[in-house]
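Visitor: Handing you a structure now.
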Amino acid sequence: MNPQFAAALDLLPGYLAWHVLLSASALALGLAISLPLAIAAARRPRLRWPLLALASLIQTIPGLALLALFYPLLLAVSAVAEAATGRGFSALGFLPSLLALTLYAVLPILRNGVAGLAGVDPAIAEAADGVGMTPRQKLLQVELPLAAPVIMAGVRTAAVWTIGAATLATPVGQTSLGNYIFAGLQTENWVFVLFGCAASAVLAMAADQLLGLAERGVRTRRRGLIIAGVAGLIVGAGLAMAPLAGSGAPTAYVVGAKNFSEQYILAELMAGELERTGARVTRKENLGSNVAYRALAAGEIDVYVDYSGTLWTNVLGRTDNPGRAAMVDQLSAELRRRDGVVVLGSLGFENAYAFAMRQDRARALGVASLVDLAKVAPQLTLGTDVEFLSRPEWKAVDAAYGLSFRATRSFQPTFMYRALGGGEADVISAFSSDGRIAADRLTVLSDPRGAIPPYDAVILVSPRRAADKRFLDALRPLVGAIGVEAMRAANYSVDRDADKRTPAEAARWLRAQSAPES
Amino acid sequence: MIELADVTHRYGAQVALDGVGLTVRSGEFVALVGGSGSGKTTLLKTINGLVRPDDGRIAVDGEDVAAVAPHLLRRRIGYVFQEVGLFPHLTVAENIGVTPKLLGWGPPRIAARVRTLLDLVALPGDVADRPPSALSGGQRQRVGVARALAAEPGVMLMDEPFGALDPLTRDQLGADYLALHRQLGLTTVMVTHDIAEAVLLADRLVVMRQGRILADGPPADLLAAASDPAVRALLEAPRRQADRLRERLGG
């Protein structure tokens, strides 16, 4: 069997279990919310338009944005709850995913519910009154049974949407089948991407078919079909969620990672060190840059790796450049004072923003530094990752050199390198520890004015683990242990097209490089 | 006995009932006739609370309709209307048994009642387990009548009950219902726009126009005594029709 396919299959029980739990909960909650709303809207036409318009509006918000928006919202609610009751809750992971997906499930059920109830023949409604039914009896014995096939069709649509959109729960820290897609996209593991898509599509189709069976049962009034469909759903969901039942013990440690290969490898490396002490470890991967730090400060993840320059500019809001060592020292003091976050130490390498060009192109244009680049920039296209142009580092570079490009385009990091190779971009905002710089023989432009801050990789520990000796002792050996060459090689082994390693394999290889004695 | 006093009702600016007073004695068969928009259907629906009048007082068997929960009132009053409104997701037997079930009758009593009623409305017993969609229009309306009679009401309200049926079926059903009315000692108020039907079935005609009662009495008396030319024209129409039919057919 293809080793990547085998690796994907290995991860399936856990991913599928969470995916099913998440989408089934969202669907049930969506049904519980939208059915009463549909009944209210069918009774009061004046309520109908605003309700349907609101539901449609929510549907137009891109799924990823809706999920992401719930994070700050819940963080604020959690802070209020903590202030009021002394207990907060996690704003990351299951809860924001559940709420966003529930909102997605509401529209189809609401719309079909209103259509189904309003579509009941007025003569039959009048007959229900005429034979002496109360409004409640009329609803339960006549209107809902008659609207049931239409409502069921809405539930089917909602199920398919919810299962598809649940893949987007990965970036807010909720494990789902989306983990295949997001991780695969970052590491160019197309087997993973396809596997994730196929698994979620098969799941959606299975749910749709079983609901379809129940719908046919409702429409043709065949009780057997309804029971078969519903039982199939319950048994299927139960089997899929079975792996979660065993994991009832509280999770010891949560290792976080942002959304690129180096982060996956370092997360695996740290998780490995913690697991060696016998601790249970879970991973929350694919977090956005700012989400990761806030999640750490809030104690939702216990440890992740960030970069000094990023923290300096994005968290502390500083634009000056005190030099590498001073920056790490000041960061340690400031982050501890502000958020109680511990900077455990530098891993030993830097992953800075680095403007890179194809060697032949740089030579032809005579560009070796950012000063040279400024002269020819108006003829060139800049390719960046999706966040670079909104980051303070870019503003600092732009202020120092006056870079005005013909065009700028943003890509997922993977595609940024491809764009440079394919000529869609002339210059990219590469990462200095990226293995592809050496592999693609890119020219890194020098920064004579020192506008780009240093980006030492540092291990950050959450406040609630600041005094956990076992935890800190397990991770401390990593400080100063990873050189930039080893990191580049590990990154490349995950990113390259052929003979790819998984992040976990790369982490084991990296550990062997850095700590040969154990 | 049904008593209406000064009943007034408006739909927006439109006056549907304008101070109507009417008394229907027990065992009487009253037909409400009149053109579209005359207020006859609205009047009928005020009796079982499907329409709550803006003003006036309605009593059924001496009890003020406004003082009873509408669903309890309707369980005591049979209601049949043109569209029938059989519940498509229930069998014929379940449709007939719906009001007894709401009243909390036990299943054996309901089953026995359904058999009696199918017999009474001249339907074969084997339709009981069929869905309404498997029946003809005439059969469906017979089920509608059976459903209205199921809880042994003393009062029957009928709104164009046979209006959508072909003439033969309609004639047969009308005659069958009149027999039931007499046999069960019912009080019946029927809305119809078919004067011939009204004359053939009812003890008493109530002619309405623009929310008021124009004339009220036994068909023969009205024809003899009605002073309003519109009422005369209305009542003479079936006779003229019968005369022309006789001429053409040589009867």
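Lettering and numbering for the structure tokens are positional, with chains as A, B, ... in the shown order, residues counted from 1 in each chain, and ligands counted from 1 in the shown order.
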Show which residues sit within 10 Å of Arg449 (chain A), as a PyMOL selection string. Count only C-alpha atoms, and ignore same-chain residues fewer than 3 positions away.

Guide: chain A and resi 369-371+397+400-401+446+452

Visitor: With a distance cut-off of 7 Å and only C-alpha atoms, select the neighbouring residues of region 194-201 of chain B, excluding the residue or stretch itself and same-chain residues fewer than 3 positions from it, and output the selection as a PDB file with all heavy atoms, in the first residue's frame.

Guide:
```pdb
ATOM      1  N   ALA B  31     -81.665  26.259   5.355  1.00  0.00           N
ATOM      2  CA  ALA B  31     -80.717  26.535   4.274  1.00  0.00           C
ATOM      3  C   ALA B  31     -80.449  28.031   4.210  1.00  0.00           C
ATOM      4  O   ALA B  31     -81.385  28.824   4.183  1.00  0.00           O
ATOM      5  CB  ALA B  31     -81.268  26.041   2.945  1.00  0.00           C
ATOM      6  N   LEU B 178     -80.660  14.055   4.016  1.00  0.00           N
ATOM      7  CA  LEU B 178     -81.948  14.466   4.586  1.00  0.00           C
ATOM      8  C   LEU B 178     -82.535  13.331   5.430  1.00  0.00           C
ATOM      9  O   LEU B 178     -83.071  13.554   6.525  1.00  0.00           O
ATOM     10  CB  LEU B 178     -82.915  14.864   3.455  1.00  0.00           C
ATOM     11  CG  LEU B 178     -84.282  15.376   3.915  1.00  0.00           C
ATOM     12  CD1 LEU B 178     -84.123  16.595   4.817  1.00  0.00           C
ATOM     13  CD2 LEU B 178     -85.173  15.734   2.716  1.00  0.00           C
ATOM     14  N   PRO B 219     -90.078  27.444   2.235  1.00  0.00           N
ATOM     15  CA  PRO B 219     -89.979  27.824   0.810  1.00  0.00           C
ATOM     16  C   PRO B 219     -91.305  28.260   0.209  1.00  0.00           C
ATOM     17  O   PRO B 219     -91.356  29.290  -0.455  1.00  0.00           O
ATOM     18  CB  PRO B 219     -89.459  26.541   0.152  1.00  0.00           C
ATOM     19  CG  PRO B 219     -88.785  25.768   1.238  1.00  0.00           C
ATOM     20  CD  PRO B 219     -89.444  26.151   2.527  1.00  0.00           C
ATOM     21  N   LEU B 235     -86.242  32.805  -5.819  1.00  0.00           N
ATOM     22  CA  LEU B 235     -87.035  31.620  -5.504  1.00  0.00           C
ATOM     23  C   LEU B 235     -87.768  31.066  -6.725  1.00  0.00           C
ATOM     24  O   LEU B 235     -88.037  29.880  -6.802  1.00  0.00           O
ATOM     25  CB  LEU B 235     -88.048  31.954  -4.397  1.00  0.00           C
ATOM     26  CG  LEU B 235     -87.400  32.213  -3.045  1.00  0.00           C
ATOM     27  CD1 LEU B 235     -88.423  32.752  -2.056  1.00  0.00           C
ATOM     28  CD2 LEU B 235     -86.795  30.920  -2.507  1.00  0.00           C
ATOM     29  N   PRO B 238     -85.767  28.199  -9.739  1.00  0.00           N
ATOM     30  CA  PRO B 238     -85.858  26.752  -9.930  1.00  0.00           C
ATOM     31  C   PRO B 238     -87.180  26.340 -10.584  1.00  0.00           C
ATOM     32  O   PRO B 238     -87.198  25.424 -11.408  1.00  0.00           O
ATOM     33  CB  PRO B 238     -85.754  26.181  -8.507  1.00  0.00           C
ATOM     34  CG  PRO B 238     -85.777  27.319  -7.570  1.00  0.00           C
ATOM     35  CD  PRO B 238     -85.593  28.565  -8.337  1.00  0.00           C
TER      36      PRO B 238
END
```

Visitor: Return the single residue from A:Leu311, A:Leu99, A:Ile124, A:Leu16 that is closest to Val202 (chain A), with distances computed using only C-alpha atoms.

Guide: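 Closest to Val202 (chain A) of all the choices is A:Leu16.
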
Visitor: What are the closest atom pairs, with distances in Å to one decimal, for all residues of chain A lying within 10 Å of chain B? Consider only C-alpha atoms, order rows by chain and residue number, and present the result as JSON lines.

Guide:
```
{"residue": "A:Asp121", "atom": "CA", "partner": "B:Gly85", "partner_atom": "CA", "distance": 8.3}
{"residue": "A:Pro122", "atom": "CA", "partner": "B:Gly85", "partner_atom": "CA", "distance": 8.4}
{"residue": "A:Ala123", "atom": "CA", "partner": "B:Gly85", "partner_atom": "CA", "distance": 5.0}
{"residue": "A:Ile124", "atom": "CA", "partner": "B:Gly85", "partner_atom": "CA", "distance": 4.4}
{"residue": "A:Ala125", "atom": "CA", "partner": "B:Gly85", "partner_atom": "CA", "distance": 7.7}
{"residue": "A:Glu126", "atom": "CA", "partner": "B:Gly85", "partner_atom": "CA", "distance": 7.3}
{"residue": "A:Ala127", "atom": "CA", "partner": "B:Gly85", "partner_atom": "CA", "distance": 5.3}
{"residue": "A:Ala128", "atom": "CA", "partner": "B:Gly85", "partner_atom": "CA", "distance": 8.2}
{"residue": "A:Asp129", "atom": "CA", "partner": "B:His71", "partner_atom": "CA", "distance": 7.1}
{"residue": "A:Gly130", "atom": "CA", "partner": "B:Tyr79", "partner_atom": "CA", "distance": 5.9}
{"residue": "A:Val131", "atom": "CA", "partner": "B:Thr99", "partner_atom": "CA", "distance": 5.7}
{"residue": "A:Gly132", "atom": "CA", "partner": "B:His71", "partner_atom": "CA", "distance": 4.2}
{"residue": "A:Met133", "atom": "CA", "partner": "B:His71", "partner_atom": "CA", "distance": 5.6}
{"residue": "A:Thr134", "atom": "CA", "partner": "B:His71", "partner_atom": "CA", "distance": 5.7}
{"residue": "A:Pro135", "atom": "CA", "partner": "B:His71", "partner_atom": "CA", "distance": 8.7}
{"residue": "A:Gln137", "atom": "CA", "partner": "B:Leu102", "partner_atom": "CA", "distance": 9.0}
{"residue": "A:Gln141", "atom": "CA", "partner": "B:His89", "partner_atom": "CA", "distance": 9.6}
{"residue": "A:Val142", "atom": "CA", "partner": "B:Phe87", "partner_atom": "CA", "distance": 7.3}
{"residue": "A:Glu143", "atom": "CA", "partner": "B:Phe87", "partner_atom": "CA", "distance": 9.9}
{"residue": "A:Pro145", "atom": "CA", "partner": "B:His89", "partner_atom": "CA", "distance": 7.5}
{"residue": "A:Leu146", "atom": "CA", "partner": "B:His89", "partner_atom": "CA", "distance": 7.0}
{"residue": "A:Val218", "atom": "CA", "partner": "B:His89", "partner_atom": "CA", "distance": 9.9}
{"residue": "A:Arg219", "atom": "CA", "partner": "B:His89", "partner_atom": "CA", "distance": 9.2}
{"residue": "A:Thr220", "atom": "CA", "partner": "B:His89", "partner_atom": "CA", "distance": 9.1}
{"residue": "A:Arg221", "atom": "CA", "partner": "B:His89", "partner_atom": "CA", "distance": 7.5}
```

Visitor: Could you give me the residues within region 24-155 of chain B that DSSP places in alpha helix (DSSP H), as JSON, numbers by chain?

Guide: {"B": [40, 41, 42, 43, 44, 45, 46, 47, 70, 71, 72, 73, 74, 75, 92, 93, 94, 95, 96, 98, 99, 100, 101, 102, 107, 108, 109, 110, 111, 112, 113, 114, 115, 116, 117, 118, 119, 120, 137, 138, 139, 140, 141, 142, 143, 144, 145, 146, 147, 148, 149]}

Visitor: Just want the 8 Å neighbourhood of region 1-12 of chain A, counted on only C-alpha atoms, with same-chain residues fewer than 4 positions away dropped. Output as JSON, numbers by chain.

Guide: {"A": [16, 177, 180, 191, 192, 195, 502]}

Visitor: Check the smallest atom-to-atom distance from each of B:Gly211, B:Gly137, B:Gly250, B:Gly62 to Gly19 (chain B) using only C-alpha atoms, then report the winner.

Guide: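 Comparing B:Gly211, B:Gly137, B:Gly250, B:Gly62 against Gly19 (chain B), the winner is B:Gly211.
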
Visitor: For Ala76 (chain A), list every protein, DNA or RNA residue within 10 Å, evaluated using only C-alpha atoms, and leave out those in the same chain fewer than 6 positions away; present the list as a VMD selection string.

Guide: chain A and resid 70 82 88 91

Visitor: Go ahead and save the picked residues with all heavy atoms, as a compact mmCIF listing (two decimals), in the first residue's frame.

Guide:
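Written file, again_9.txt:
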```txt
# COMPACT_ATOMS: atom_id res chain seq x y z
N PHE A 70 -16.21 33.10 15.45
CA PHE A 70 -16.70 32.61 16.73
C PHE A 70 -15.59 32.56 17.78
O PHE A 70 -15.87 32.56 18.96
CB PHE A 70 -17.35 31.23 16.59
CG PHE A 70 -18.82 31.33 16.41
CD1 PHE A 70 -19.38 31.26 15.15
CD2 PHE A 70 -19.65 31.54 17.49
CE1 PHE A 70 -20.74 31.38 14.97
CE2 PHE A 70 -21.01 31.67 17.32
CZ PHE A 70 -21.55 31.59 16.07
N GLU A 82 -15.84 34.06 33.16
CA GLU A 82 -14.81 33.85 34.16
C GLU A 82 -14.90 34.94 35.24
O GLU A 82 -14.76 34.67 36.43
CB GLU A 82 -13.42 33.85 33.52
CG GLU A 82 -12.35 33.36 34.46
CD GLU A 82 -11.18 32.73 33.71
OE1 GLU A 82 -11.10 32.92 32.49
OE2 GLU A 82 -10.37 32.06 34.37
N GLY A 88 -14.11 29.95 33.21
CA GLY A 88 -14.24 30.23 31.79
C GLY A 88 -14.40 28.92 31.04
O GLY A 88 -14.59 27.88 31.63
N ALA A 91 -12.45 28.61 24.15
CA ALA A 91 -13.01 29.31 22.99
C ALA A 91 -12.50 28.70 21.69
O ALA A 91 -12.79 29.18 20.61
CB ALA A 91 -12.66 30.79 23.05
```

Visitor: Would you pick out the contacts of Ala134 (chain B) at 12 Å or less, using only C-alpha atoms, so that residues sharing its chain but fewer than 3 positions from it are not included, and give the list as a PyMOL selection string?

Guide: chain B and resi 86+88+90-92+126-131+137-140

Visitor: What does the file look like for those residues with C-alpha atoms, as a CSV table (one decimal), in the first residue's frame?

Guide:
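File produced: out.csv:
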```
chain,number,residue,atom,x,y,z
B,86,LEU,CA,-60.0,14.7,4.8
B,88,PRO,CA,-54.5,12.6,3.6
B,90,LEU,CA,-54.8,9.0,7.9
B,91,THR,CA,-57.0,6.1,6.7
B,92,VAL,CA,-60.7,6.5,6.2
B,126,ASP,CA,-63.7,-2.3,3.2
B,127,VAL,CA,-62.9,1.4,2.6
B,128,ALA,CA,-62.1,1.8,6.3
B,129,ASP,CA,-58.4,1.0,5.9
B,130,ARG,CA,-57.9,2.9,2.6
B,131,PRO,CA,-56.4,6.3,2.3
B,137,GLY,CA,-65.3,12.5,-4.9
B,138,GLY,CA,-68.8,11.3,-3.7
B,139,GLN,CA,-67.3,8.7,-1.4
B,140,ARG,CA,-64.9,11.3,0.1
```

Visitor: Among region 26-180 of chain B, which residues carry a DSSP assignment of strand (DSSP E), reported as JSON, numbers by chain?

Guide: {"B": [29, 30, 31, 32, 33, 55, 56, 57, 58, 59, 60, 63, 64, 77, 78, 79, 80, 81, 155, 156, 157, 158, 159]}
